[in-house]
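structure-v7.pdb (PDB, C-alpha atoms, pLDDT in the B column)
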MODEL        1
ATOM      1  CA  MET A  17      -5.148-113.041-129.865  1.00 45.00           C
ATOM      2  CA  ARG A  18      -2.308-111.947-127.593  1.00 49.00           C
ATOM      3  CA  ASP A  19      -3.015-110.344-124.225  1.00 57.00           C
ATOM      4  CA  ARG A  20      -2.444-106.598-124.042  1.00 55.00           C
ATOM      5  CA  ASP A  21      -1.882-104.214-121.146  1.00 55.00           C
ATOM      6  CA  SER A  22      -3.847-101.010-120.561  1.00 59.00           C
ATOM      7  CA  SER A  23      -1.643 -99.099-123.013  1.00 60.00           C
ATOM      8  CA  GLY A  24      -2.135-101.717-125.746  1.00 57.00           C
ATOM      9  CA  ARG A  25       1.344-103.236-125.455  1.00 54.00           C
ATOM     10  CA  PRO A  26       1.481-107.029-125.945  1.00 50.00           C
ATOM     11  CA  ARG A  27       1.707-108.992-122.708  1.00 55.00           C
ATOM     12  CA  ASN A  28       1.470-112.655-121.898  1.00 59.00           C
ATOM     13  CA  ALA A  29      -0.961-112.953-119.000  1.00 67.00           C
ATOM     14  CA  ARG A  30      -0.235-116.658-118.529  1.00 68.00           C
ATOM     15  CA  PRO A  31       1.781-117.425-115.419  1.00 67.00           C
ATOM     16  CA  ARG A  32       5.295-118.795-115.852  1.00 70.00           C
ATOM     17  CA  ASP A  33       7.347-121.288-113.879  1.00 60.00           C
ATOM     18  CA  GLU A  34      10.764-120.549-112.365  1.00 70.00           C
ATOM     19  CA  LEU A  35      12.439-121.258-115.707  1.00 68.00           C
ATOM     20  CA  GLY A  36      10.138-119.012-117.724  1.00 65.00           C
ATOM     21  CA  ARG A  37       7.942-121.740-119.187  1.00 58.00           C
ATOM     22  CA  PRO A  38       4.267-120.781-119.577  1.00 66.00           C
ATOM     23  CA  LEU A  39       1.867-122.506-117.187  1.00 51.00           C
ATOM     24  CA  PRO A  40      -1.819-123.169-117.789  1.00 66.00           C
ATOM     25  CA  THR A  41      -4.117-120.232-117.138  1.00 74.00           C
ATOM     26  CA  GLY A  42      -5.216-120.223-113.504  1.00 71.00           C
ATOM     27  CA  CYS A  43      -2.008-121.762-112.141  1.00 69.00           C
ATOM     28  CA  HIS A  44       0.204-119.836-109.758  1.00 72.00           C
ATOM     29  CA  GLY A  45       3.633-119.096-111.182  1.00 64.00           C
ATOM     30  CA  VAL A  46       6.624-116.939-110.383  1.00 72.00           C
ATOM     31  CA  GLU A  47       5.798-113.258-109.982  1.00 74.00           C
ATOM     32  CA  PRO A  48       6.879-111.331-113.093  1.00 70.00           C
ATOM     33  CA  LEU A  49       9.307-108.467-112.716  1.00 72.00           C
ATOM     34  CA  PRO A  50       7.698-105.050-112.587  1.00 74.00           C
ATOM     35  CA  GLU A  51       7.759-103.065-115.811  1.00 78.00           C
ATOM     36  CA  ASP A  52       9.481-100.131-114.139  1.00 83.00           C
ATOM     37  CA  ILE A  53      12.567-101.774-112.647  1.00 89.00           C
ATOM     38  CA  ASP A  54      15.493 -99.503-111.810  1.00 93.00           C
ATOM     39  CA  THR A  55      17.836 -99.839-114.809  1.00 92.00           C
ATOM     40  CA  ARG A  56      20.885 -98.269-113.181  1.00 95.00           C
ATOM     41  CA  ALA A  57      23.773-100.723-113.503  1.00 95.00           C
ATOM     42  CA  ASP A  58      24.228-101.230-109.758  1.00 96.00           C
ATOM     43  CA  ALA A  59      20.505-101.849-109.224  1.00 96.00           C
ATOM     44  CA  VAL A  60      20.241-104.360-112.075  1.00 96.00           C
ATOM     45  CA  VAL A  61      23.389-106.185-110.966  1.00 97.00           C
ATOM     46  CA  ALA A  62      21.985-106.499-107.434  1.00 97.00           C
ATOM     47  CA  LEU A  63      18.584-107.657-108.709  1.00 95.00           C
ATOM     48  CA  ALA A  64      20.010-110.154-111.189  1.00 96.00           C
ATOM     49  CA  GLY A  65      22.367-111.539-108.549  1.00 97.00           C
ATOM     50  CA  HIS A  66      19.473-111.946-106.111  1.00 96.00           C
ATOM     51  CA  LEU A  67      17.400-113.709-108.771  1.00 94.00           C
ATOM     52  CA  LEU A  68      20.272-116.081-109.553  1.00 96.00           C
ATOM     53  CA  ASP A  69      20.598-116.799-105.813  1.00 96.00           C
ATOM     54  CA  GLN A  70      16.938-117.829-105.871  1.00 93.00           C
ATOM     55  CA  GLY A  71      17.435-120.134-108.882  1.00 92.00           C
ATOM     56  CA  LEU A  72      15.583-117.798-111.247  1.00 91.00           C
ATOM     57  CA  PRO A  73      17.882-117.312-114.265  1.00 93.00           C
ATOM     58  CA  PHE A  74      14.977-116.505-116.607  1.00 91.00           C
ATOM     59  CA  GLN A  75      13.973-113.582-114.391  1.00 91.00           C
ATOM     60  CA  ALA A  76      17.636-112.524-114.137  1.00 94.00           C
ATOM     61  CA  HIS A  77      17.650-112.442-117.944  1.00 92.00           C
ATOM     62  CA  GLU A  78      14.564-110.204-117.868  1.00 90.00           C
ATOM     63  CA  ALA A  79      16.342-107.761-115.527  1.00 93.00           C
ATOM     64  CA  LEU A  80      19.481-107.743-117.670  1.00 96.00           C
ATOM     65  CA  GLU A  81      17.387-107.267-120.792  1.00 92.00           C
ATOM     66  CA  ALA A  82      15.827-104.153-119.238  1.00 92.00           C
ATOM     67  CA  VAL A  83      19.216-102.439-118.870  1.00 94.00           C
ATOM     68  CA  TRP A  84      20.406-103.698-122.269  1.00 92.00           C
ATOM     69  CA  LYS A  85      17.455-101.987-123.945  1.00 91.00           C
ATOM     70  CA  VAL A  86      18.202 -98.571-122.402  1.00 92.00           C
ATOM     71  CA  ALA A  87      22.017 -98.631-122.426  1.00 94.00           C
ATOM     72  CA  SER A  88      24.195 -96.861-124.965  1.00 94.00           C
ATOM     73  CA  GLU A  89      27.037 -98.477-126.868  1.00 93.00           C
ATOM     74  CA  PRO A  90      29.454-100.020-126.045  1.00 93.00           C
ATOM     75  CA  GLU A  91      27.648-101.063-122.833  1.00 95.00           C
ATOM     76  CA  ARG A  92      24.503-102.049-124.721  1.00 96.00           C
ATOM     77  CA  THR A  93      26.213-104.916-126.531  1.00 97.00           C
ATOM     78  CA  ALA A  94      27.844-106.195-123.333  1.00 97.00           C
ATOM     79  CA  TRP A  95      24.537-106.087-121.391  1.00 97.00           C
ATOM     80  CA  LYS A  96      22.974-108.082-124.230  1.00 97.00           C
ATOM     81  CA  GLY A  97      25.739-110.640-123.769  1.00 97.00           C
ATOM     82  CA  MET A  98      24.992-110.804-120.041  1.00 97.00           C
ATOM     83  CA  ALA A  99      21.296-111.400-120.750  1.00 96.00           C
ATOM     84  CA  GLN A 100      22.255-114.133-123.203  1.00 97.00           C
ATOM     85  CA  LEU A 101      24.380-115.853-120.550  1.00 97.00           C
ATOM     86  CA  ALA A 102      21.353-115.874-118.243  1.00 96.00           C
ATOM     87  CA  VAL A 103      19.291-117.402-121.071  1.00 94.00           C
ATOM     88  CA  ALA A 104      22.033-120.003-121.612  1.00 96.00           C
ATOM     89  CA  LEU A 105      21.771-120.918-117.939  1.00 95.00           C
ATOM     90  CA  THR A 106      17.986-121.159-118.295  1.00 91.00           C
ATOM     91  CA  HIS A 107      18.368-123.526-121.267  1.00 93.00           C
ATOM     92  CA  ALA A 108      20.862-125.648-119.332  1.00 93.00           C
ATOM     93  CA  MET A 109      18.492-125.902-116.360  1.00 90.00           C
ATOM     94  CA  ARG A 110      15.675-126.925-118.730  1.00 87.00           C
ATOM     95  CA  GLY A 111      17.867-129.721-120.077  1.00 91.00           C
ATOM     96  CA  ASN A 112      18.511-128.079-123.445  1.00 92.00           C
ATOM     97  CA  ALA A 113      22.305-128.462-123.647  1.00 93.00           C
ATOM     98  CA  THR A 114      22.502-127.556-127.349  1.00 94.00           C
ATOM     99  CA  GLY A 115      20.538-124.347-126.853  1.00 93.00           C
ATOM    100  CA  ALA A 116      22.636-123.467-123.805  1.00 94.00           C
ATOM    101  CA  VAL A 117      25.892-123.793-125.749  1.00 95.00           C
ATOM    102  CA  ARG A 118      24.630-121.795-128.729  1.00 96.00           C
ATOM    103  CA  VAL A 119      23.232-118.918-126.668  1.00 96.00           C
ATOM    104  CA  ARG A 120      26.371-118.851-124.490  1.00 97.00           C
ATOM    105  CA  GLU A 121      28.531-118.536-127.620  1.00 97.00           C
ATOM    106  CA  ARG A 122      26.468-115.544-128.804  1.00 97.00           C
ATOM    107  CA  GLY A 123      26.691-114.060-125.332  1.00 97.00           C
ATOM    108  CA  LEU A 124      30.470-114.392-125.304  1.00 97.00           C
ATOM    109  CA  LEU A 125      30.700-112.627-128.668  1.00 97.00           C
ATOM    110  CA  ASN A 126      28.584-109.744-127.387  1.00 96.00           C
ATOM    111  CA  LEU A 127      30.574-109.491-124.160  1.00 96.00           C
ATOM    112  CA  ALA A 128      33.801-109.319-126.174  1.00 96.00           C
ATOM    113  CA  ALA A 129      32.361-106.624-128.464  1.00 95.00           C
ATOM    114  CA  GLY A 130      31.000-104.474-125.638  1.00 94.00           C
ATOM    115  CA  GLU A 131      32.141-102.896-122.414  1.00 95.00           C
ATOM    116  CA  LEU A 132      30.558-103.398-118.997  1.00 96.00           C
ATOM    117  CA  PRO A 133      30.794-100.981-116.107  1.00 96.00           C
ATOM    118  CA  ALA A 134      33.027-102.167-113.258  1.00 96.00           C
ATOM    119  CA  VAL A 135      30.013-102.855-111.045  1.00 97.00           C
ATOM    120  CA  ALA A 136      28.895-105.635-113.430  1.00 97.00           C
ATOM    121  CA  LEU A 137      32.167-107.539-113.683  1.00 97.00           C
ATOM    122  CA  ALA A 138      31.600-109.885-110.740  1.00 97.00           C
ATOM    123  CA  LEU A 139      28.144-110.792-112.068  1.00 98.00           C
ATOM    124  CA  ARG A 140      29.662-111.389-115.519  1.00 97.00           C
ATOM    125  CA  ASP A 141      32.215-113.735-113.973  1.00 97.00           C
ATOM    126  CA  ARG A 142      29.495-115.538-112.032  1.00 97.00           C
ATOM    127  CA  LEU A 143      27.411-116.032-115.185  1.00 97.00           C
ATOM    128  CA  LEU A 144      30.481-117.259-117.066  1.00 96.00           C
ATOM    129  CA  ASP A 145      31.154-119.802-114.309  1.00 96.00           C
ATOM    130  CA  LEU A 146      27.526-120.922-114.161  1.00 94.00           C
ATOM    131  CA  THR A 147      27.357-121.453-117.921  1.00 95.00           C
ATOM    132  CA  SER A 148      30.766-123.038-118.419  1.00 92.00           C
ATOM    133  CA  GLY A 149      29.336-126.545-118.385  1.00 74.00           C
ATOM    134  CA  PRO A 150      29.923-129.615-116.243  1.00 64.00           C
TER     135      PRO A 150
ENDMDL
END
Mind converting the file's structure to structure tokens?
Amino acid sequence: MRDRDSSGRPRNARPRDELGRPLPTGCHGVEPLPEDIDTRADAVVALAGHLLDQGLPFQAHEALEAVWKVASEPERTAWKGMAQLAVALTHAMRGNATGAVRVRERGLLNLAAGELPAVALALRDRLLDLTSGP
């Protein structure tokens, strides 16, 4: 049975490593992001950038996913693309080149179909550079 929080929402209580992989129960992993992160574009861009600086692309994806889920179109689609680029980077760092390419391609399609606020453009460019391959 899946772990649940106090409100009954599904949660995975297992700790995770820096690339989002589950660790055995009882191990110390990377602290999860709080549920109530600030989803304003400037706050998420700063947080995601900081997480990338720390080598935590999976957590950057989690931050970008939070804003994607509350944004309205056309930003929503573009934020989804940003989150997918962070996942592509995670796959690349895990050694999954095929997965990285496929998720990056989906991310590029969503970025092209959406519209990011100006504050997110530098982070978009950084993610594009980081996922562009060797």
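Between CA of Glu47 in chain A and CA of Phe74 in chain A there is a distance of 11.8 Å.
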**Prompt:** Do you have the CA of Pro73 in chain A-CA of Asp52 in chain A distance handy?
**Reply:**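 Those two atoms sit 19.1 Å apart.
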Check which residues of range 29-118 of chain A sit at most 6 Å from range 127-132 of chain A using all atoms listed in the file, and return one row each with the closest pair of atoms and their distance in Å to one decimal, ordered by chain and rising number, as CSV.
residue,atom,partner,partner_atom,distance
A:Pro90,CA,A:Gly130,CA,4.7
A:Glu91,CA,A:Glu131,CA,4.9
A:Thr93,CA,A:Gly130,CA,4.9
A:Ala94,CA,A:Gly130,CA,4.3
A:Gly97,CA,A:Leu127,CA,5.0
**Given only C-alpha atoms as the counted atoms, nearest of A:Leu101, A:Leu125, A:Leu80, A:Leu144 to Val60 in chain A** = A:Leu80
Centre and size of axis-aligned box enclosing range 99-104 of chain A plus 6 Å each side, as JSON:
{"center_x": 21.8, "center_y": -115.7, "center_z": -120.7, "size_x": 17.1, "size_y": 20.6, "size_z": 17.0}
**Message:** On this structure, the PyMOL selection byres ((chain A and resi 120) around 12) would catch which residues? List them as number ranges by chain, sorted by chain and number.
**Reply:** A: 96-108, 113-119, 121-127, 143-149
**Prompt:** Quick one: distance from CA of Pro133 in chain A to CA of Met109 in chain A in Å, one decimal?
**Reply:** 27.8 Å
Using all atoms listed in the file, which residues sit within 12 Å of Asp69 in chain A once same-chain residues fewer than 6 positions away are excluded, as a PDB file with C-alpha atoms, in the frame of the given file?
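Output below, filename around-v2.pdb:
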ATOM      1  CA  ALA A  62      21.985-106.499-107.434  1.00 97.00           C
ATOM      2  CA  LEU A  63      18.584-107.657-108.709  1.00 95.00           C
ATOM      3  CA  GLN A  75      13.973-113.582-114.391  1.00 91.00           C
ATOM      4  CA  ALA A  76      17.636-112.524-114.137  1.00 94.00           C
ATOM      5  CA  LEU A 139      28.144-110.792-112.068  1.00 98.00           C
ATOM      6  CA  ARG A 142      29.495-115.538-112.032  1.00 97.00           C
ATOM      7  CA  LEU A 143      27.411-116.032-115.185  1.00 97.00           C
ATOM      8  CA  LEU A 146      27.526-120.922-114.161  1.00 94.00           C
TER       9      LEU A 146
END
**Item:** Nearest candidate to Ile53 in chain A (options A:Ala134, A:Arg140, A:Glu89, A:Ala82; using all atoms listed in the file)
**Value:**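 The shortest atom-to-atom distance to Ile53 in chain A comes from A:Ala82.
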